[in-house]
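Chemist: Got target.cif for you, mmCIF, C-alpha atoms and all ligand atoms:
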data_start
#
loop_
_atom_site.label_atom_id
_atom_site.label_comp_id
_atom_site.auth_asym_id
_atom_site.auth_seq_id
_atom_site.Cartn_x
_atom_site.Cartn_y
_atom_site.Cartn_z
CA MET A 1295 18.85 22.64 -17.97
CA LYS A 1296 21.45 21.36 -15.49
CA LYS A 1297 22.11 17.63 -15.18
CA ILE A 1298 19.58 15.92 -12.90
CA PHE A 1299 20.74 13.54 -10.16
CA PRO A 1300 17.58 12.10 -8.58
CA CYS A 1301 17.39 10.44 -5.18
CA VAL A 1302 14.48 8.30 -4.00
CA VAL A 1303 14.19 8.37 -0.20
CA GLY A 1304 12.42 5.20 1.04
CA LEU A 1305 12.44 2.09 -1.16
CA GLY A 1306 9.22 0.33 -0.19
CA TYR A 1307 6.09 -0.48 -2.20
CA VAL A 1308 6.07 3.06 -3.61
CA GLY A 1309 9.74 4.07 -3.68
CA LEU A 1310 11.11 0.97 -5.38
CA PRO A 1311 9.00 1.27 -8.56
CA VAL A 1312 9.89 4.98 -8.74
CA PHE A 1313 13.58 4.08 -8.43
CA ILE A 1314 13.28 1.36 -11.08
CA SER A 1315 11.60 3.74 -13.54
CA LEU A 1316 14.22 6.42 -12.99
CA LYS A 1317 17.28 4.20 -13.28
CA LYS A 1318 16.38 3.58 -16.93
CA LYS A 1319 17.29 7.21 -17.72
CA PHE A 1320 19.17 8.67 -14.77
CA GLN A 1321 21.97 7.94 -12.37
CA VAL A 1322 19.73 7.52 -9.30
CA ILE A 1323 20.49 7.11 -5.63
CA GLY A 1324 18.03 4.81 -3.89
CA PHE A 1325 18.25 5.61 -0.17
CA ASP A 1326 16.61 3.62 2.63
CA ILE A 1327 17.40 3.54 6.37
CA ASP A 1328 16.54 -0.16 6.55
CA LYS A 1329 19.90 -1.97 6.19
CA LYS A 1330 18.27 -5.32 5.47
CA ARG A 1331 16.10 -3.84 2.71
CA VAL A 1332 19.19 -2.24 1.13
CA GLN A 1333 21.16 -5.47 1.43
CA ASP A 1334 18.33 -7.50 -0.15
CA LEU A 1335 17.83 -5.04 -3.01
CA ASN A 1336 21.57 -5.04 -3.71
CA HIS A 1337 21.31 -8.82 -3.98
CA GLN A 1338 18.39 -8.25 -6.38
CA ILE A 1339 15.83 -9.56 -3.90
CA ASP A 1340 12.54 -7.72 -3.37
CA VAL A 1341 10.88 -9.31 -0.31
CA ASN A 1342 7.65 -7.56 -1.34
CA ASN A 1343 7.70 -9.83 -4.43
CA GLU A 1344 6.69 -6.94 -6.70
CA PHE A 1345 9.83 -7.15 -8.87
CA LYS A 1346 11.88 -9.95 -10.36
CA ASN A 1347 15.68 -10.14 -9.98
CA TYR A 1348 16.41 -8.88 -13.50
CA GLN A 1349 14.31 -5.74 -12.91
CA LEU A 1350 16.48 -4.86 -9.92
CA LYS A 1351 19.72 -4.90 -11.91
CA LEU A 1352 21.36 -1.50 -11.49
CA SER A 1353 22.02 0.67 -14.53
CA ASN A 1354 23.40 4.15 -15.33
CA LYS A 1355 25.71 3.96 -12.28
CA SER A 1356 22.68 4.04 -9.99
CA ILE A 1357 23.12 2.75 -6.45
CA ILE A 1358 20.98 1.55 -3.54
CA THR A 1359 22.37 2.60 -0.20
CA ASN A 1360 21.73 3.34 3.46
CA LYS A 1361 24.67 5.74 3.65
CA GLU A 1362 23.43 9.31 3.90
CA SER A 1363 26.63 10.81 2.50
CA ASN A 1364 25.61 9.48 -0.95
CA LEU A 1365 22.91 12.16 -1.01
CA LYS A 1366 25.55 14.89 -1.45
CA LYS A 1367 25.53 14.74 -5.23
CA CYS A 1368 21.73 14.62 -5.58
CA ASN A 1369 19.68 17.62 -6.67
CA PHE A 1370 16.18 16.11 -7.13
CA PHE A 1371 14.75 14.31 -4.09
CA ILE A 1372 11.60 12.16 -4.12
CA VAL A 1373 10.36 11.16 -0.65
CA THR A 1374 8.32 7.95 -0.35
CA VAL A 1375 8.42 7.06 3.36
CA PRO A 1376 5.49 5.63 5.39
CA THR A 1377 2.77 7.84 6.90
CA PRO A 1378 0.95 5.66 9.44
CA ILE A 1379 -1.39 6.64 12.27
CA ASN A 1380 -0.81 6.36 16.02
CA ASN A 1381 -2.91 4.17 18.30
CA ASN A 1382 -5.27 7.12 18.78
CA LYS A 1383 -5.70 7.36 14.94
CA ILE A 1384 -3.73 10.62 14.70
CA PRO A 1385 -1.26 11.03 11.78
CA ASN A 1386 2.25 9.95 12.69
CA LEU A 1387 4.75 11.94 10.64
CA ARG A 1388 7.93 10.67 12.28
CA TYR A 1389 9.26 9.04 9.08
CA ILE A 1390 8.62 12.22 7.11
CA VAL A 1391 10.35 14.34 9.76
CA SER A 1392 13.41 12.08 9.81
CA ALA A 1393 13.59 11.92 5.98
CA PHE A 1394 13.44 15.71 5.65
CA LYS A 1395 16.02 16.19 8.40
CA THR A 1396 18.36 13.96 6.39
CA ILE A 1397 17.70 15.81 3.12
CA GLY A 1398 18.18 19.12 4.98
CA LYS A 1399 21.81 18.17 5.65
CA TYR A 1400 22.61 17.76 1.97
CA ILE A 1401 20.36 20.21 0.14
CA LYS A 1402 21.96 22.79 -2.15
CA LYS A 1403 20.76 25.97 -3.84
CA ASP A 1404 17.97 25.35 -6.39
CA ASP A 1405 17.55 21.66 -5.52
CA ILE A 1406 14.06 20.23 -6.01
CA ILE A 1407 12.20 18.05 -3.48
CA PHE A 1408 8.93 16.19 -4.06
CA LEU A 1409 6.97 14.52 -1.29
CA GLU A 1410 5.04 11.48 -2.55
CA SER A 1411 3.87 10.01 0.78
CA THR A 1412 0.16 10.43 1.47
CA VAL A 1413 -0.31 13.36 3.87
CA PHE A 1414 -2.90 15.90 5.02
CA PRO A 1415 -2.92 19.30 3.27
CA GLY A 1416 -0.21 21.65 4.45
CA THR A 1417 2.34 18.94 5.30
CA THR A 1418 4.58 19.71 2.31
CA GLU A 1419 4.56 23.48 2.60
CA TYR A 1420 4.35 23.98 6.35
CA ILE A 1421 6.00 20.92 7.93
CA CYS A 1422 8.51 19.56 5.39
CA LYS A 1423 9.62 22.96 4.10
CA LYS A 1424 10.18 24.24 7.66
CA ILE A 1425 12.38 21.27 8.57
CA ILE A 1426 14.68 21.98 5.62
CA LYS A 1427 14.72 25.73 6.28
CA LYS A 1428 15.64 25.12 9.91
CA ASN A 1429 18.65 23.15 8.76
CA LYS A 1430 19.95 25.29 5.92
CA ASN A 1431 19.34 28.73 4.57
CA VAL A 1432 19.28 27.94 0.85
CA LYS A 1433 16.71 28.62 -1.83
CA PHE A 1434 15.14 25.31 -2.83
CA HIS A 1435 11.90 24.18 -4.52
CA ILE A 1436 9.39 21.87 -2.90
CA GLY A 1437 6.33 20.15 -4.33
CA TYR A 1438 3.94 17.26 -3.83
CA SER A 1439 3.11 14.42 -6.17
CA SER A 1440 0.54 11.88 -5.02
CA GLU A 1441 1.33 8.24 -5.56
CA ARG A 1442 -1.36 6.06 -7.12
CA ILE A 1443 0.58 2.86 -7.50
CA ASN A 1444 -1.52 -0.22 -6.85
CA PRO A 1445 0.71 -3.11 -5.71
CA GLY A 1446 -0.16 -6.46 -7.25
CA ASP A 1447 -1.93 -4.76 -10.17
CA LYS A 1448 -0.11 -5.72 -13.37
CA ILE A 1449 -2.48 -3.68 -15.58
CA HIS A 1450 -2.34 -0.28 -13.85
CA ASN A 1451 1.38 -0.33 -13.25
CA ILE A 1452 3.39 2.81 -12.54
CA SER A 1453 4.09 3.68 -16.18
CA LYS A 1454 0.37 3.52 -17.05
CA ILE A 1455 -0.94 5.74 -14.24
CA ASN A 1456 -1.57 9.47 -14.62
CA LYS A 1457 0.27 11.46 -11.99
CA VAL A 1458 -0.62 14.72 -10.25
CA VAL A 1459 2.47 16.92 -9.87
CA SER A 1460 2.09 20.12 -7.85
CA ILE A 1461 4.62 22.89 -7.35
CA LYS A 1462 4.69 26.68 -7.51
CA HIS A 1463 5.46 27.39 -11.17
CA ASN A 1464 8.90 28.60 -11.99
CA LYS A 1465 10.11 28.51 -15.58
CA LYS A 1466 13.58 27.48 -14.49
CA ILE A 1467 12.59 24.20 -12.84
CA ILE A 1468 9.55 22.99 -14.83
CA PRO A 1469 11.62 21.32 -17.61
CA SER A 1470 13.58 19.27 -15.03
CA ILE A 1471 10.37 18.27 -13.25
CA LYS A 1472 8.75 17.19 -16.50
CA LYS A 1473 11.84 15.25 -17.49
CA VAL A 1474 11.80 13.29 -14.23
CA TYR A 1475 8.05 12.68 -13.96
CA ASN A 1476 7.56 11.88 -17.66
CA CYS A 1477 10.08 9.10 -17.08
CA ILE A 1478 7.90 7.69 -14.28
CA SER A 1479 4.31 8.16 -15.49
CA LYS A 1480 2.16 7.97 -18.58
CA LYS A 1481 0.78 11.48 -18.20
CA ILE A 1482 1.45 14.22 -15.69
CA ILE A 1483 -1.19 16.66 -14.48
CA MET A 1484 0.44 19.88 -13.26
CA THR A 1485 -1.08 22.13 -10.62
CA GLU A 1486 0.30 24.98 -8.54
CA ASN A 1487 -1.86 24.41 -5.48
CA ILE A 1488 0.00 21.88 -3.34
CA LYS A 1489 -2.67 21.63 -0.64
CA GLU A 1490 -5.33 20.76 -3.22
CA ALA A 1491 -3.09 18.02 -4.61
CA GLU A 1492 -2.50 16.63 -1.10
CA LEU A 1493 -6.24 16.60 -0.42
CA SER A 1494 -7.03 14.98 -3.78
CA LYS A 1495 -5.02 11.89 -2.78
CA LEU A 1496 -6.83 11.56 0.56
CA ILE A 1497 -10.16 11.85 -1.25
CA GLU A 1498 -9.28 9.08 -3.73
CA ASN A 1499 -8.72 6.57 -0.94
CA THR A 1500 -11.52 7.78 1.33
CA GLN A 1501 -14.01 7.46 -1.52
CA ARG A 1502 -12.92 3.88 -2.14
CA ASP A 1503 -13.00 2.99 1.56
CA LEU A 1504 -16.53 4.37 1.91
CA ASN A 1505 -17.86 2.61 -1.17
CA ILE A 1506 -16.48 -0.74 -0.01
CA ALA A 1507 -17.97 -0.08 3.45
CA LEU A 1508 -21.41 0.42 1.93
CA MET A 1509 -21.13 -2.89 0.09
CA ASN A 1510 -19.97 -4.59 3.30
CA GLU A 1511 -22.94 -3.17 5.19
CA LEU A 1512 -25.35 -4.35 2.50
CA MET A 1513 -23.78 -7.78 2.46
CA ILE A 1514 -24.22 -8.09 6.24
CA LEU A 1515 -27.83 -6.94 5.88
CA CYS A 1516 -28.52 -9.62 3.25
CA HIS A 1517 -26.88 -12.20 5.45
CA LYS A 1518 -29.04 -11.25 8.44
CA THR A 1519 -32.22 -11.17 6.36
CA ASN A 1520 -31.49 -14.35 4.44
CA LEU A 1521 -31.34 -12.68 1.03
CA ASP A 1522 -28.82 -13.57 -1.65
CA PHE A 1523 -26.42 -10.61 -1.77
CA ASN A 1524 -24.94 -11.58 -5.16
CA GLU A 1525 -28.40 -11.80 -6.68
CA VAL A 1526 -29.38 -8.41 -5.19
CA ILE A 1527 -26.26 -6.86 -6.72
CA ARG A 1528 -26.84 -8.57 -10.08
CA LEU A 1529 -30.23 -6.86 -10.22
CA ALA A 1530 -29.03 -3.46 -8.97
CA LYS A 1531 -26.14 -3.46 -11.44
CA THR A 1532 -28.55 -3.33 -14.36
CA LYS A 1533 -29.09 0.37 -13.66
CA TRP A 1534 -26.79 2.51 -15.85
CA ASN A 1535 -25.27 4.55 -13.02
CA PHE A 1536 -24.81 1.83 -10.40
CA LEU A 1537 -21.25 1.92 -9.01
CA ASN A 1538 -19.54 -1.43 -9.17
CA PHE A 1539 -17.86 -1.94 -5.79
CA SER A 1540 -17.46 -5.26 -3.99
CA PRO A 1541 -17.55 -6.08 -0.31
CA GLY A 1542 -14.30 -7.25 1.22
CA LEU A 1543 -11.62 -7.20 3.85
CA VAL A 1544 -10.03 -3.74 3.73
CA GLY A 1545 -6.41 -3.51 4.86
CA GLY A 1546 -2.97 -2.25 3.84
CA HIS A 1547 -1.20 1.02 4.43
CA CYS A 1548 -3.69 3.29 2.62
CA LEU A 1549 -7.46 2.75 3.01
CA PRO A 1550 -7.47 2.03 6.76
CA VAL A 1551 -5.25 5.10 7.34
CA ASP A 1552 -6.00 7.90 4.88
CA PRO A 1553 -9.59 8.73 6.02
CA TYR A 1554 -8.09 9.53 9.45
CA TYR A 1555 -5.63 11.94 7.80
CA LEU A 1556 -8.58 13.60 6.08
CA SER A 1557 -10.65 13.94 9.23
CA TYR A 1558 -7.60 15.13 11.20
CA TYR A 1559 -7.21 17.93 8.65
CA ALA A 1560 -10.91 18.84 8.90
CA ASN A 1561 -10.72 18.87 12.71
CA LYS A 1562 -7.97 21.47 12.57
CA PHE A 1563 -10.59 23.81 11.08
CA ASN A 1564 -13.20 22.75 13.65
CA PHE A 1565 -15.09 20.97 10.91
CA LYS A 1566 -16.47 17.59 11.98
CA THR A 1567 -16.71 15.42 8.89
CA LYS A 1568 -19.77 13.20 9.10
CA VAL A 1569 -19.26 10.84 6.20
CA THR A 1570 -15.46 10.48 5.94
CA LEU A 1571 -15.00 7.99 8.77
CA ALA A 1572 -18.46 6.42 8.60
CA GLY A 1573 -17.17 3.37 6.78
CA ARG A 1574 -14.13 2.67 8.92
CA ASN A 1575 -15.99 0.82 11.69
CA THR A 1576 -18.01 -1.19 9.18
CA ASN A 1577 -14.89 -2.19 7.27
CA ASN A 1578 -13.08 -3.14 10.48
CA SER A 1579 -16.13 -5.09 11.69
CA MET A 1580 -15.69 -7.44 8.73
CA GLU A 1581 -12.97 -9.20 10.72
CA LYS A 1582 -15.55 -10.27 13.35
CA PHE A 1583 -18.23 -11.00 10.71
CA ILE A 1584 -16.04 -13.35 8.66
CA TYR A 1585 -14.50 -14.91 11.79
CA GLU A 1586 -17.94 -15.78 13.17
CA LYS A 1587 -19.11 -17.07 9.80
CA ILE A 1588 -16.10 -19.40 9.61
CA CYS A 1589 -16.57 -20.61 13.19
CA LYS A 1590 -20.19 -21.47 12.47
CA LYS A 1591 -19.30 -23.35 9.28
CA ILE A 1592 -16.46 -25.28 10.91
CA ILE A 1593 -18.68 -26.32 13.81
CA ASN A 1594 -21.73 -27.13 11.62
CA LYS A 1595 -19.68 -29.26 9.28
CA LYS A 1596 -17.95 -30.92 12.26
CA MET A 1597 -14.60 -29.95 10.82
CA ILE A 1598 -13.01 -28.90 14.08
CA ASN A 1599 -10.91 -32.06 14.34
CA LYS A 1600 -10.01 -32.14 10.64
CA LYS A 1601 -7.00 -30.61 8.95
CA ILE A 1602 -7.93 -27.02 8.07
CA ILE A 1603 -5.93 -24.57 5.97
CA ILE A 1604 -6.43 -20.79 5.96
CA ALA A 1605 -5.41 -19.72 2.46
CA GLY A 1606 -4.42 -16.07 1.95
CA LEU A 1607 -3.23 -13.83 4.76
CA THR A 1608 -2.20 -10.63 3.01
CA TYR A 1609 -4.38 -7.53 2.86
CA LYS A 1610 -5.49 -8.09 -0.73
CA PRO A 1611 -5.05 -10.52 -3.64
CA ASN A 1612 -1.67 -11.01 -5.26
CA VAL A 1613 0.39 -8.83 -2.92
CA ALA A 1614 2.84 -9.88 -0.21
CA ASP A 1615 1.85 -7.04 2.13
CA LEU A 1616 0.58 -8.06 5.59
CA ARG A 1617 0.13 -4.50 6.93
CA ASN A 1618 -3.27 -4.01 8.61
CA SER A 1619 -4.43 -7.29 7.07
CA LEU A 1620 -7.82 -8.42 8.43
CA ALA A 1621 -7.25 -11.88 6.93
CA ASN A 1622 -4.15 -12.22 9.09
CA LYS A 1623 -6.12 -11.09 12.16
CA ILE A 1624 -8.85 -13.62 11.40
CA PHE A 1625 -6.23 -16.35 11.10
CA LYS A 1626 -4.71 -15.43 14.48
CA ARG A 1627 -8.15 -15.62 16.15
CA LEU A 1628 -8.93 -18.95 14.50
CA LYS A 1629 -5.57 -20.36 15.53
CA LYS A 1630 -6.51 -19.73 19.17
CA LEU A 1631 -9.75 -21.64 18.66
CA VAL A 1632 -8.31 -24.46 16.55
CA PRO A 1633 -4.55 -24.71 17.25
CA SER A 1634 -4.01 -27.29 14.48
CA ILE A 1635 -5.11 -24.81 11.81
CA VAL A 1636 -2.34 -23.95 9.29
CA ALA A 1637 -1.84 -20.76 7.26
CA TYR A 1638 -0.87 -20.94 3.59
CA ASP A 1639 0.12 -17.95 1.51
CA PRO A 1640 2.45 -18.39 -1.48
CA THR A 1641 2.66 -14.63 -2.17
CA ILE A 1642 4.59 -13.95 1.05
CA ASN A 1643 8.37 -13.94 0.84
CA HIS A 1644 9.64 -17.41 1.72
CA ASN A 1645 11.99 -16.34 4.57
CA LEU A 1646 9.41 -14.08 6.19
CA ALA A 1647 6.79 -16.84 5.89
CA LYS A 1648 9.16 -19.27 7.61
CA LYS A 1649 9.62 -16.84 10.49
CA LEU A 1650 5.85 -16.40 10.83
CA ASN A 1651 5.14 -20.12 10.48
CA ILE A 1652 3.18 -19.67 7.25
CA GLU A 1653 3.29 -22.38 4.57
CA THR A 1654 4.20 -21.24 1.06
CA ASN A 1655 4.46 -24.64 -0.62
CA PHE A 1656 1.19 -26.19 -1.80
CA LYS A 1657 2.69 -29.70 -1.66
CA ASN A 1658 2.96 -29.40 2.15
CA ILE A 1659 -0.73 -28.64 2.66
CA LYS A 1660 -2.52 -30.56 -0.08
CA LYS A 1661 -3.54 -33.37 2.28
CA ALA A 1662 -5.85 -30.98 4.18
CA ASP A 1663 -9.60 -31.63 4.48
CA MET A 1664 -10.79 -28.03 4.28
CA PHE A 1665 -9.38 -24.94 2.58
CA ILE A 1666 -10.73 -21.62 3.85
CA ILE A 1667 -9.90 -18.97 1.27
CA LEU A 1668 -9.71 -15.48 2.78
CA VAL A 1669 -7.85 -13.74 -0.04
CA GLN A 1670 -8.39 -14.66 -3.66
CA HIS A 1671 -4.77 -14.91 -4.94
CA ASN A 1672 -4.41 -16.00 -8.59
CA LYS A 1673 -2.11 -18.75 -7.33
CA PHE A 1674 -5.07 -20.43 -5.58
CA LYS A 1675 -6.38 -21.92 -8.84
CA ASN A 1676 -4.44 -25.04 -7.87
CA ILE A 1677 -6.51 -25.37 -4.66
CA TYR A 1678 -9.78 -25.38 -6.64
CA MET A 1679 -8.39 -27.89 -9.15
CA HIS A 1680 -7.11 -30.12 -6.36
CA VAL A 1681 -10.34 -30.10 -4.30
CA LYS A 1682 -12.44 -30.91 -7.40
CA LYS A 1683 -10.73 -34.30 -7.54
CA TYR A 1684 -11.81 -35.34 -4.02
CA LYS A 1685 -15.36 -35.77 -2.72
CA ASN A 1686 -14.37 -35.48 0.94
CA LYS A 1687 -12.43 -32.21 0.62
CA LYS A 1688 -14.09 -28.81 0.98
CA ILE A 1689 -13.47 -25.19 0.12
CA LEU A 1690 -14.91 -22.24 2.07
CA ASP A 1691 -14.52 -19.14 -0.04
CA PHE A 1692 -14.55 -15.71 1.67
CA HIS A 1693 -12.64 -13.73 -0.90
CA SER A 1694 -12.10 -10.01 -0.58
N1 LIG A 1701 1.62 0.85 -0.56
C1 LIG A 1701 0.78 1.44 -1.39
O1 LIG A 1701 0.02 0.78 -2.09
C2 LIG A 1701 0.72 2.95 -1.53
C3 LIG A 1701 0.03 3.50 -2.62
C4 LIG A 1701 -0.04 4.88 -2.74
C5 LIG A 1701 0.56 5.68 -1.77
N2 LIG A 1701 1.21 5.11 -0.70
C6 LIG A 1701 1.84 6.01 0.27
O2 LIG A 1701 3.24 6.00 0.03
C7 LIG A 1701 3.96 6.11 1.25
C8 LIG A 1701 4.94 4.96 1.38
O3 LIG A 1701 4.22 3.75 1.49
P1 LIG A 1701 4.89 2.34 1.20
O4 LIG A 1701 3.78 1.36 1.13
O5 LIG A 1701 5.85 2.42 0.07
O6 LIG A 1701 5.71 2.11 2.56
P2 LIG A 1701 6.82 1.00 2.81
O7 LIG A 1701 6.83 0.75 4.27
O8 LIG A 1701 6.63 -0.14 1.87
O9 LIG A 1701 8.19 1.71 2.39
C9 LIG A 1701 8.72 2.81 3.02
C10 LIG A 1701 10.24 2.69 3.07
O10 LIG A 1701 10.75 3.90 3.63
C11 LIG A 1701 11.87 3.58 4.45
N3 LIG A 1701 12.12 4.70 5.35
C12 LIG A 1701 11.45 5.07 6.48
N4 LIG A 1701 12.00 6.19 6.98
C13 LIG A 1701 13.01 6.55 6.17
C14 LIG A 1701 13.95 7.62 6.16
N5 LIG A 1701 13.93 8.57 7.10
N6 LIG A 1701 14.86 7.69 5.16
C15 LIG A 1701 14.89 6.72 4.20
N7 LIG A 1701 14.04 5.68 4.16
C16 LIG A 1701 13.10 5.60 5.12
C17 LIG A 1701 11.46 2.28 5.12
O11 LIG A 1701 12.59 1.59 5.61
C18 LIG A 1701 10.73 1.56 3.99
O12 LIG A 1701 11.60 0.72 3.26
C19 LIG A 1701 2.90 6.19 2.35
O13 LIG A 1701 2.64 7.54 2.63
C20 LIG A 1701 1.67 5.56 1.71
O14 LIG A 1701 0.47 6.06 2.25
C21 LIG A 1701 1.31 3.77 -0.58
#
Please go through the file and, once you have read it, give me the structure as C-alpha cells.

Modeler:
Amino acid sequence: MKKIFPCVVGLGYVGLPVFISLKKKFQVIGFDIDKKRVQDLNHQIDVNNEFKNYQLKLSNKSIITNKESNLKKCNFFIVTVPTPINNNKIPNLRYIVSAFKTIGKYIKKDDIIFLESTVFPGTTEYICKKIIKKNKNVKFHIGYSSERINPGDKIHNISKINKVVSIKHNKKIIPSIKKVYNCISKKIIMTENIKEAELSKLIENTQRDLNIALMNELMILCHKTNLDFNEVIRLAKTKWNFLNFSPGLVGGHCLPVDPYYLSYYANKFNFKTKVTLAGRNTNNSMEKFIYEKICKKIINKKMINKKIIIAGLTYKPNVADLRNSLANKIFKRLKKLVPSIVAYDPTINHNLAKKLNIETNFKNIKKADMFIILVQHNKFKNIYMHVKKYKNKKILDFHS
C-alpha cells in the first residue's frame, strides 16, 4: 500500500471533525477557500464552537490552508463543501463544482476522491467525475461516503457513528480506503452502489423531517382543540411501537434542504413524490405558530413595556449554527414588534454575536422581566435558577 496523504476540502461543521480525526494518524491538508476560517483555525479558534483550542493543535505535519498548490502532494481527497438549495428550492451544486474543479487541477493517477456532502443520486458519478475527467485524463477512483455527524451531540460524535462508504470495488484501493475511514469512524459499511448510498443519506434526513412535521401538526391540533399535547403523547407512548419524535423548530443545513434534493431526483424520473415534501410546509409554519403564541402571551401578560429577552437563536440546542434558524426568524419578527427586545445566545461565537447585536453574557441580561426560551441550550439552566429566585420574573418556554 502506498503512503496516504489525505486532503479534506471544506473545513466546516463536517470537514473540521474529519480533519481532526485524520490528523491523529496522517499528515493531512485541510483546505478551505474561506481565508478567515483558515486564519481562525490556524489560531486554534473554531467559530462554530464545536472544538476547543487544544483539539485544533496541528500534528503529524498537517496543515490548514487556503492555498490550492498545497493539494499537489495529496492522493486521497475528501470533499465536505455545502450543498444548499436556490430560492426556487432546486439543488445548488456550485460549491461542489468549484471544489472538484480545484481537485481536477492536482489529481494524479490512482488518486482516490470521496464526496461526503449530501447530494442527490448520480452527483458523484455523473457530475463530480465528469468535472475531473474534463480537466485531466488520468485514471482515478471516486466514491461517496455520507456524513452523519450531529453537531452539538457529544454522545454520537464522529468516532462513534457508523459510516457508509461506497465505491466500485478494486482490490488495490480498498486497504487504503479502510485505513482512512477506520481512522474516522467506529464501523464502516461498504457498498459498491454509489447512487444507493447517496439516496440513503437523503432518506435519513427526510424521514426525520417528516416525523417531526407530524408531531408539529399534532401539537397545533391539540392547541386549537384545547387538548394537552404532552398528555396525549404520554398516553400514545405507552404503545410498544410508538415512535418517539418531538415537535420543534426545524432548521440548519440538512433537514430543511435534503427533502428538496430527494424530490428533485424523483422529478428527473417524472415521479412526483407525495410524502417527501409534505412536512416541509408544516415545519416552516412553526415560525408563524410560535411567533403568534408569543405575541399573545406578551400582550395578555401586559409585558410589552417590560424588558424581554429572547433566549436561543440557533437552529437547535447546543450548536452555534444560525443557518435556516426559525428561532432567529422569530426573533427578527418580534424585534419589529417590540424594538426593546434583546437576543441572548451564549453558544454563538462572541465576535459574531457582537456583530449581530446578540448578547452572550448572562450578567448583561439578568435584570430582564421575561425570558422567552426558543432553543433549549444546556447553558440556560442558569436562567431557570435565576428566575426561581424572583416572583415578578417570568419564563416562556418554547423549546425545540
Ligand atoms: N452540518 C451538519 O450537521 C451536516 C451533517 C451531515 C451532512 N452535512 C452535509 O455536509 C456538507 C457540508 O456541510 P457543513 O455544515 O459542514 O457546511 P459548512 O458551511 O459548515 O462548511 C463548508 C465549508 O466548505 C468551504 N468551501 C466551500 N466551497 C469550497 C471549495 N470550493 N473549496 C474548499 N472549501 C470550500 C466553506 O468555506 C466552508 O468552510 C453539506 O452537504 C451538508 O448537507 C452537514

Chemist: All residues within 6 Å of ligand LIG 1701 (chain A) are required, counting all atoms listed in the file; please report them as a list in words.

Modeler: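 With all atoms listed in the file and a cut-off of 6 Å, ligand LIG 1701 (chain A) is contacted by Val1303, Gly1304, Leu1305, Gly1306, Tyr1307, Val1308, Gly1309, Phe1325, Asp1326, Ile1327, Asp1328, Thr1374, Val1375, Pro1376, Thr1377, Tyr1389, Ser1392, Ala1393, Ser1411, Thr1412, Glu1441, Arg1442, Ile1443, Asn1444, Pro1445, His1547 and Cys1548 of chain A.
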
Chemist: Grab the atom CA of Asn1343 of chain A to atom CA of Lys1673 of chain A distance for me, in Å with one decimal place.

Modeler: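 Atom-to-atom, atom CA of Asn1343 of chain A and atom CA of Lys1673 of chain A are spaced 13.6 Å apart.
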
Chemist: Between A:Ile1666, A:Leu1352, A:Ile1426, A:Leu1543, which has the minimum distance to Lys1623 of chain A (counting all atoms listed in the file)?

Modeler: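 Once distances to Lys1623 of chain A are computed over all atoms listed in the file, the minimum belongs to A:Leu1543.
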
Chemist: What is the atom CA of Lys1649 of chain A to atom CA of Lys1330 of chain A distance in Å?

Modeler: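 Atom CA of Lys1649 of chain A sits 15.3 Å away from atom CA of Lys1330 of chain A.
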
Chemist: In Å, how far is it from atom CA of Glu1492 of chain A to atom CA of Ile1461 of chain A?

Modeler: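 Separation of atom CA of Glu1492 of chain A and atom CA of Ile1461 of chain A: 11.4 Å.
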